[in-house]
Amino acid sequence: MTAIGPSLMCADMGTLQNTVKRLDEANVDFFHFDIMDGKFVPNFTMGPDMIKSLRAHTNKLFDAHLMIEEPERYIDLFADAGCDMISVHAEAATHLQRTLQKIKNRGLRAGVALNPATPLNCLEYVWDTVDYIVLMTVNPGFAGQKFIPMTLKKITLLKNLIEDSGRNIDIQVDGNISYEVIPQVLERGAEMLVCGTSCLFRKEESLEHATSNLRHFLQGLEEKNLANS
Ligand SMILES: O=C(CO)[C@H](O)[C@H](O)COP(=O)(O)O
């Protein structure tokens, strides 16, 4: 089943606790936290203390996407805050394998995030240390950007590489994951959707409606695929 993960940087920061409770009840699958340092990306968002304070309000998976330089220095901080999954950018981790191993040693799922222009060959020697790949479909740093069409080809290539590796590695897509884009990324092999302003945090509908509409839409696509197979 396709996993829905609200991108909490798109929420109202003043009512975050309530938002997490509502989305938990609306039955999202995981919560996605974008961590920015003003260096790797030109923006700032949330940090470990915020994650820690939200941990008591849901049992759903917490997924931290570290858009920061030297991510290896902060793994313990985010693990201690209550994260279940941590992804680091290949472009930012000098010792990528060591950093992924550090995440796994803490008992968490380890992810590699790739900017749109980063080729897939940086994954070649870490297949045995990675649980999920975050393919950025916009350049990271800001919500509300435009989907980059070249990344569709990358999903197909990545799916083939994962199948060849024989490993159980999920593909997460992040950036302008709209109703128009969703069928295209799913048909190419994405399994985890990071849902921001493009499909969940929308002015015209409540979080509850947005989540249930999205779930129905995904179910419809899955039924159509089953019927065609
Ligand atoms: O990673 C991100 C930005 O770097 C956000 O998670 C994402 O872009 C938010 O979604 P949307 O594009 O739909 O607003």
# chains A, B, ... in the order shown; residues from 1 in each chain; ligands from 1

$ residues_near_ligand --ligand "ligand 1" --cutoff "6 Å" --atoms "only C-alpha atoms and all ligand atoms" --output "ChimeraX atom specification"
/A:7,140-145,174-177,195-198

$ residues_around --residues "Leu66 (chain A)" --least-positions-apart "6" --cutoff "10 Å" --atoms "only C-alpha atoms" --output "list in words"
Phe33, Asp34, Ile35, Met36, Asp37, Phe40, Gly47, Glu72, Tyr74, Ile75, Phe78, Ile86, Ser87, Val88, His89, Ala92, Gly111, Val112 and Ala113 of chain A

$ write_last_selection --atoms "C-alpha atoms" --output "tab-separated table (two decimals), in the first residue's frame"
chain	number	residue	atom	x	y	z
A	33	PHE	CA	10.19	16.33	9.23
A	34	ASP	CA	12.33	18.54	7.00
A	35	ILE	CA	15.41	19.62	8.94
A	36	MET	CA	17.26	22.55	7.36
A	37	ASP	CA	20.44	24.27	8.47
A	40	PHE	CA	22.99	22.84	2.74
A	47	GLY	CA	14.79	20.75	15.03
A	72	GLU	CA	26.85	12.35	10.78
A	74	TYR	CA	23.59	14.87	14.50
A	75	ILE	CA	22.31	11.29	14.13
A	78	PHE	CA	17.56	12.93	16.12
A	86	ILE	CA	16.50	9.24	9.19
A	87	SER	CA	17.60	10.16	5.69
A	88	VAL	CA	20.78	12.06	4.89
A	89	HIS	CA	21.79	13.69	1.63
A	92	ALA	CA	26.25	16.35	2.27
A	111	GLY	CA	17.69	6.60	4.05
A	112	VAL	CA	19.72	8.34	1.36
A	113	ALA	CA	18.24	11.51	-0.11

$ select_by_dssp --residues "region 7-208 of chain A" --states "strand (DSSP E or B)" --output "number ranges by chain"
A: 7, 30-37, 44, 61-67, 85-89, 109-114, 132-136, 170-174, 192-195

$ closest_atom_pairs --of "region 154-221 of chain A" --to "region 119-137 of chain A" --cutoff "7 Å" --atoms "only C-alpha atoms" --output "CSV"
residue,atom,partner,partner_atom,distance
A:Ile169,CA,A:Asp131,CA,4.9
A:Asp170,CA,A:Tyr132,CA,4.5
A:Ile171,CA,A:Ile133,CA,5.1
A:Gln172,CA,A:Val134,CA,4.6
A:Val173,CA,A:Leu135,CA,5.0
A:Asp174,CA,A:Met136,CA,5.0
A:Gly175,CA,A:Thr137,CA,4.9

$ atom_distance --atom1 "CA of Ala56 (chain A)" --atom2 "CA of Met9 (chain A)"
18.8 Å

$ select_by_dssp --residues "region 115-191 of chain A" --states "alpha helix (DSSP H)" --output "JSON, numbers by chain"
{"A": [150, 151, 152, 153, 154, 155, 156, 157, 158, 159, 160, 161, 162, 163, 164, 165, 182, 183, 184, 185, 186, 187]}

$ atom_distance --atom1 "CA of Leu200 (chain A)" --atom2 "CA of Ser178 (chain A)"
8.9 Å

$ closest_residue --among "A:Glu69, A:Thr156, A:Leu207, A:Asp80" --to "Asn18 (chain A)" --atoms "only C-alpha atoms"
A:Leu207

$ residues_around --residues "Gly38 (chain A)" --least-positions-apart "5" --cutoff "8 Å" --atoms "only C-alpha atoms" --output "list in words"
Asn43, Phe44 and Ile68 of chain A

$ residues_around --residues "His57 (chain A)" --least-positions-apart "6" --cutoff "10 Å" --atoms "only C-alpha atoms" --output "JSON, numbers by chain"
{"A": [17, 18, 20, 21, 22, 24]}

$ residues_around --residues "Ala210 (chain A)" --least-positions-apart "2" --cutoff "12 Å" --atoms "only C-alpha atoms" --output "list in words"
Ile4, Pro6, Arg22, Leu23, Ala26, Asn27, Val28, Ser178, Tyr179, Cys195, Gly196, Thr197, Ser198, Cys199, Leu200, Phe201, Arg202, Lys203, Glu204, Glu205, Ser206, Leu207, Glu208, Ser212, Asn213, Leu214, Arg215, His216 and Phe217 of chain A

$ write_last_selection --atoms "N, CA and C atoms" --output "short mmCIF file (atom, residue, chain, number, x, y, z; two decimals), in the first residue's frame"
data_model
loop_
_atom_site.label_atom_id
_atom_site.label_comp_id
_atom_site.auth_asym_id
_atom_site.auth_seq_id
_atom_site.Cartn_x
_atom_site.Cartn_y
_atom_site.Cartn_z
N ILE A 4 1.32 7.45 2.99
CA ILE A 4 1.10 8.91 3.00
C ILE A 4 1.87 9.51 4.18
N PRO A 6 2.64 13.24 5.73
CA PRO A 6 2.55 14.70 5.70
C PRO A 6 3.90 15.37 5.95
N ARG A 22 -4.54 15.45 14.72
CA ARG A 22 -5.60 15.32 13.69
C ARG A 22 -5.15 14.40 12.55
N LEU A 23 -3.92 14.55 12.12
CA LEU A 23 -3.43 13.71 11.02
C LEU A 23 -3.26 12.26 11.48
N ALA A 26 -6.62 10.89 11.32
CA ALA A 26 -7.01 10.74 9.91
C ALA A 26 -6.26 9.57 9.25
N ASN A 27 -5.36 8.97 10.04
CA ASN A 27 -4.67 7.73 9.65
C ASN A 27 -3.62 7.88 8.55
N VAL A 28 -2.80 8.92 8.68
CA VAL A 28 -1.63 8.99 7.80
C VAL A 28 -0.66 7.88 8.21
N SER A 178 1.65 16.22 -6.33
CA SER A 178 0.26 16.67 -6.53
C SER A 178 -0.58 15.52 -7.08
N TYR A 179 -1.89 15.76 -7.20
CA TYR A 179 -2.78 14.74 -7.79
C TYR A 179 -2.39 14.43 -9.24
N CYS A 195 3.82 14.40 1.46
CA CYS A 195 2.64 15.18 1.04
C CYS A 195 2.67 16.57 1.67
N GLY A 196 2.84 17.56 0.82
CA GLY A 196 2.93 18.93 1.31
C GLY A 196 1.77 19.78 0.87
N THR A 197 2.10 21.00 0.40
CA THR A 197 1.04 21.94 -0.01
C THR A 197 0.33 21.44 -1.27
N SER A 198 0.95 20.52 -1.99
CA SER A 198 0.39 20.07 -3.27
C SER A 198 -0.79 19.12 -3.15
N CYS A 199 -0.90 18.41 -2.01
CA CYS A 199 -2.03 17.48 -1.92
C CYS A 199 -2.65 17.38 -0.53
N LEU A 200 -1.98 17.84 0.52
CA LEU A 200 -2.56 17.68 1.87
C LEU A 200 -2.84 19.00 2.59
N PHE A 201 -1.85 19.87 2.58
CA PHE A 201 -2.00 21.14 3.29
C PHE A 201 -2.55 22.19 2.31
N ARG A 202 -3.86 22.12 2.10
CA ARG A 202 -4.47 23.01 1.10
C ARG A 202 -5.51 23.87 1.77
N LYS A 203 -5.54 25.13 1.36
CA LYS A 203 -6.45 26.09 2.01
C LYS A 203 -7.90 25.68 1.86
N GLU A 204 -8.23 25.09 0.71
CA GLU A 204 -9.64 24.85 0.40
C GLU A 204 -10.24 23.65 1.11
N GLU A 205 -9.46 22.83 1.79
CA GLU A 205 -10.07 21.68 2.48
C GLU A 205 -9.38 21.42 3.82
N SER A 206 -10.15 20.78 4.73
CA SER A 206 -9.58 20.47 6.05
C SER A 206 -8.55 19.34 5.90
N LEU A 207 -7.73 19.20 6.93
CA LEU A 207 -6.73 18.12 6.89
C LEU A 207 -7.40 16.76 6.80
N GLU A 208 -8.55 16.64 7.51
CA GLU A 208 -9.27 15.36 7.52
C GLU A 208 -9.78 15.02 6.12
N SER A 212 -8.49 11.99 3.64
CA SER A 212 -9.40 10.95 3.17
C SER A 212 -9.55 10.99 1.63
N ASN A 213 -9.56 12.18 1.05
CA ASN A 213 -9.60 12.27 -0.42
C ASN A 213 -8.37 11.62 -1.05
N LEU A 214 -7.23 11.89 -0.44
CA LEU A 214 -6.00 11.32 -0.98
C LEU A 214 -6.01 9.80 -0.87
N ARG A 215 -6.46 9.29 0.28
CA ARG A 215 -6.52 7.82 0.48
C ARG A 215 -7.45 7.19 -0.57
N HIS A 216 -8.61 7.81 -0.79
CA HIS A 216 -9.53 7.26 -1.80
C HIS A 216 -8.93 7.28 -3.19
N PHE A 217 -8.25 8.37 -3.48
CA PHE A 217 -7.60 8.50 -4.80
C PHE A 217 -6.57 7.37 -4.99
#

$ closest_residue --among "A:Thr118, A:Cys83, A:Pro71, A:Leu226" --to "Thr99 (chain A)" --atoms "only C-alpha atoms"
A:Pro71

$ residues_around --residues "Lys159 (chain A)" --least-positions-apart "6" --cutoff "9 Å" --atoms "only C-alpha atoms" --output "ChimeraX atom specification"
/A:171,188-190

$ atom_distance --atom1 "CA of Thr94 (chain A)" --atom2 "CA of Asp76 (chain A)"
17.4 Å

$ decode --residues "region 155-184 of chain A" --atoms "N, CA and C atoms" --output "PDB file, in the first residue's frame"
ATOM      1  N   ILE A 155      13.159   7.804 -11.244  1.00  0.00           N
ATOM      2  CA  ILE A 155      12.398   6.820 -10.453  1.00  0.00           C
ATOM      3  C   ILE A 155      12.452   5.458 -11.157  1.00  0.00           C
ATOM      4  N   THR A 156      12.221   5.468 -12.474  1.00  0.00           N
ATOM      5  CA  THR A 156      12.254   4.210 -13.240  1.00  0.00           C
ATOM      6  C   THR A 156      13.629   3.547 -13.120  1.00  0.00           C
ATOM      7  N   LEU A 157      14.694   4.348 -13.295  1.00  0.00           N
ATOM      8  CA  LEU A 157      16.051   3.788 -13.214  1.00  0.00           C
ATOM      9  C   LEU A 157      16.326   3.223 -11.831  1.00  0.00           C
ATOM     10  N   LEU A 158      15.903   3.969 -10.803  1.00  0.00           N
ATOM     11  CA  LEU A 158      16.139   3.518  -9.429  1.00  0.00           C
ATOM     12  C   LEU A 158      15.380   2.221  -9.149  1.00  0.00           C
ATOM     13  N   LYS A 159      14.132   2.149  -9.607  1.00  0.00           N
ATOM     14  CA  LYS A 159      13.329   0.942  -9.378  1.00  0.00           C
ATOM     15  C   LYS A 159      14.033  -0.275  -9.991  1.00  0.00           C
ATOM     16  N   ASN A 160      14.564  -0.094 -11.199  1.00  0.00           N
ATOM     17  CA  ASN A 160      15.282  -1.208 -11.853  1.00  0.00           C
ATOM     18  C   ASN A 160      16.517  -1.618 -11.058  1.00  0.00           C
ATOM     19  N   LEU A 161      17.247  -0.626 -10.565  1.00  0.00           N
ATOM     20  CA  LEU A 161      18.457  -0.935  -9.787  1.00  0.00           C
ATOM     21  C   LEU A 161      18.100  -1.687  -8.511  1.00  0.00           C
ATOM     22  N   ILE A 162      17.013  -1.263  -7.866  1.00  0.00           N
ATOM     23  CA  ILE A 162      16.604  -1.930  -6.619  1.00  0.00           C
ATOM     24  C   ILE A 162      16.191  -3.367  -6.922  1.00  0.00           C
ATOM     25  N   GLU A 163      15.454  -3.556  -8.016  1.00  0.00           N
ATOM     26  CA  GLU A 163      15.047  -4.925  -8.373  1.00  0.00           C
ATOM     27  C   GLU A 163      16.273  -5.787  -8.652  1.00  0.00           C
ATOM     28  N   ASP A 164      17.242  -5.215  -9.359  1.00  0.00           N
ATOM     29  CA  ASP A 164      18.476  -5.977  -9.645  1.00  0.00           C
ATOM     30  C   ASP A 164      19.223  -6.322  -8.360  1.00  0.00           C
ATOM     31  N   SER A 165      19.161  -5.439  -7.376  1.00  0.00           N
ATOM     32  CA  SER A 165      19.902  -5.677  -6.124  1.00  0.00           C
ATOM     33  C   SER A 165      19.237  -6.774  -5.289  1.00  0.00           C
ATOM     34  N   GLY A 166      17.974  -7.056  -5.576  1.00  0.00           N
ATOM     35  CA  GLY A 166      17.245  -8.092  -4.831  1.00  0.00           C
ATOM     36  C   GLY A 166      16.944  -7.680  -3.395  1.00  0.00           C
ATOM     37  N   ARG A 167      17.072  -6.394  -3.093  1.00  0.00           N
ATOM     38  CA  ARG A 167      16.854  -5.947  -1.719  1.00  0.00           C
ATOM     39  C   ARG A 167      15.509  -5.265  -1.571  1.00  0.00           C
ATOM     40  N   ASN A 168      15.098  -5.145  -0.300  1.00  0.00           N
ATOM     41  CA  ASN A 168      13.805  -4.538  -0.011  1.00  0.00           C
ATOM     42  C   ASN A 168      14.034  -3.068   0.371  1.00  0.00           C
ATOM     43  N   ILE A 169      14.093  -2.208  -0.635  1.00  0.00           N
ATOM     44  CA  ILE A 169      14.392  -0.790  -0.408  1.00  0.00           C
ATOM     45  C   ILE A 169      13.232   0.038  -0.963  1.00  0.00           C
ATOM     46  N   ASP A 170      12.710   0.927  -0.139  1.00  0.00           N
ATOM     47  CA  ASP A 170      11.558   1.730  -0.567  1.00  0.00           C
ATOM     48  C   ASP A 170      12.010   2.991  -1.302  1.00  0.00           C
ATOM     49  N   ILE A 171      11.154   3.445  -2.211  1.00  0.00           N
ATOM     50  CA  ILE A 171      11.396   4.729  -2.880  1.00  0.00           C
ATOM     51  C   ILE A 171      10.404   5.756  -2.330  1.00  0.00           C
ATOM     52  N   GLN A 172      10.974   6.812  -1.769  1.00  0.00           N
ATOM     53  CA  GLN A 172      10.155   7.925  -1.264  1.00  0.00           C
ATOM     54  C   GLN A 172      10.333   9.098  -2.231  1.00  0.00           C
ATOM     55  N   VAL A 173       9.253   9.769  -2.568  1.00  0.00           N
ATOM     56  CA  VAL A 173       9.373  10.944  -3.449  1.00  0.00           C
ATOM     57  C   VAL A 173       8.925  12.184  -2.676  1.00  0.00           C
ATOM     58  N   ASP A 174       9.634  13.296  -2.932  1.00  0.00           N
ATOM     59  CA  ASP A 174       9.434  14.489  -2.113  1.00  0.00           C
ATOM     60  C   ASP A 174       9.562  15.750  -2.973  1.00  0.00           C
ATOM     61  N   GLY A 175       8.448  16.489  -3.067  1.00  0.00           N
ATOM     62  CA  GLY A 175       8.472  17.769  -3.773  1.00  0.00           C
ATOM     63  C   GLY A 175       7.394  17.900  -4.821  1.00  0.00           C
ATOM     64  N   ASN A 176       6.393  18.717  -4.522  1.00  0.00           N
ATOM     65  CA  ASN A 176       5.254  18.968  -5.432  1.00  0.00           C
ATOM     66  C   ASN A 176       4.567  17.658  -5.860  1.00  0.00           C
ATOM     67  N   ILE A 177       4.296  16.805  -4.866  1.00  0.00           N
ATOM     68  CA  ILE A 177       3.607  15.538  -5.122  1.00  0.00           C
ATOM     69  C   ILE A 177       2.100  15.849  -5.158  1.00  0.00           C
ATOM     70  N   SER A 178       1.650  16.219  -6.326  1.00  0.00           N
ATOM     71  CA  SER A 178       0.265  16.670  -6.526  1.00  0.00           C
ATOM     72  C   SER A 178      -0.583  15.516  -7.081  1.00  0.00           C
ATOM     73  N   TYR A 179      -1.889  15.758  -7.199  1.00  0.00           N
ATOM     74  CA  TYR A 179      -2.776  14.744  -7.795  1.00  0.00           C
ATOM     75  C   TYR A 179      -2.387  14.427  -9.237  1.00  0.00           C
ATOM     76  N   GLU A 180      -1.820  15.406  -9.913  1.00  0.00           N
ATOM     77  CA  GLU A 180      -1.397  15.176 -11.296  1.00  0.00           C
ATOM     78  C   GLU A 180      -0.145  14.293 -11.337  1.00  0.00           C
ATOM     79  N   VAL A 181       0.750  14.520 -10.373  1.00  0.00           N
ATOM     80  CA  VAL A 181       2.038  13.819 -10.366  1.00  0.00           C
ATOM     81  C   VAL A 181       1.925  12.405  -9.778  1.00  0.00           C
ATOM     82  N   ILE A 182       1.049  12.227  -8.800  1.00  0.00           N
ATOM     83  CA  ILE A 182       0.986  10.954  -8.060  1.00  0.00           C
ATOM     84  C   ILE A 182       0.869   9.717  -8.973  1.00  0.00           C
ATOM     85  N   PRO A 183      -0.061   9.681  -9.938  1.00  0.00           N
ATOM     86  CA  PRO A 183      -0.137   8.466 -10.773  1.00  0.00           C
ATOM     87  C   PRO A 183       1.181   8.192 -11.508  1.00  0.00           C
ATOM     88  N   GLN A 184       1.855   9.265 -11.905  1.00  0.00           N
ATOM     89  CA  GLN A 184       3.102   9.093 -12.669  1.00  0.00           C
ATOM     90  C   GLN A 184       4.236   8.546 -11.803  1.00  0.00           C
TER      91      GLN A 184
END
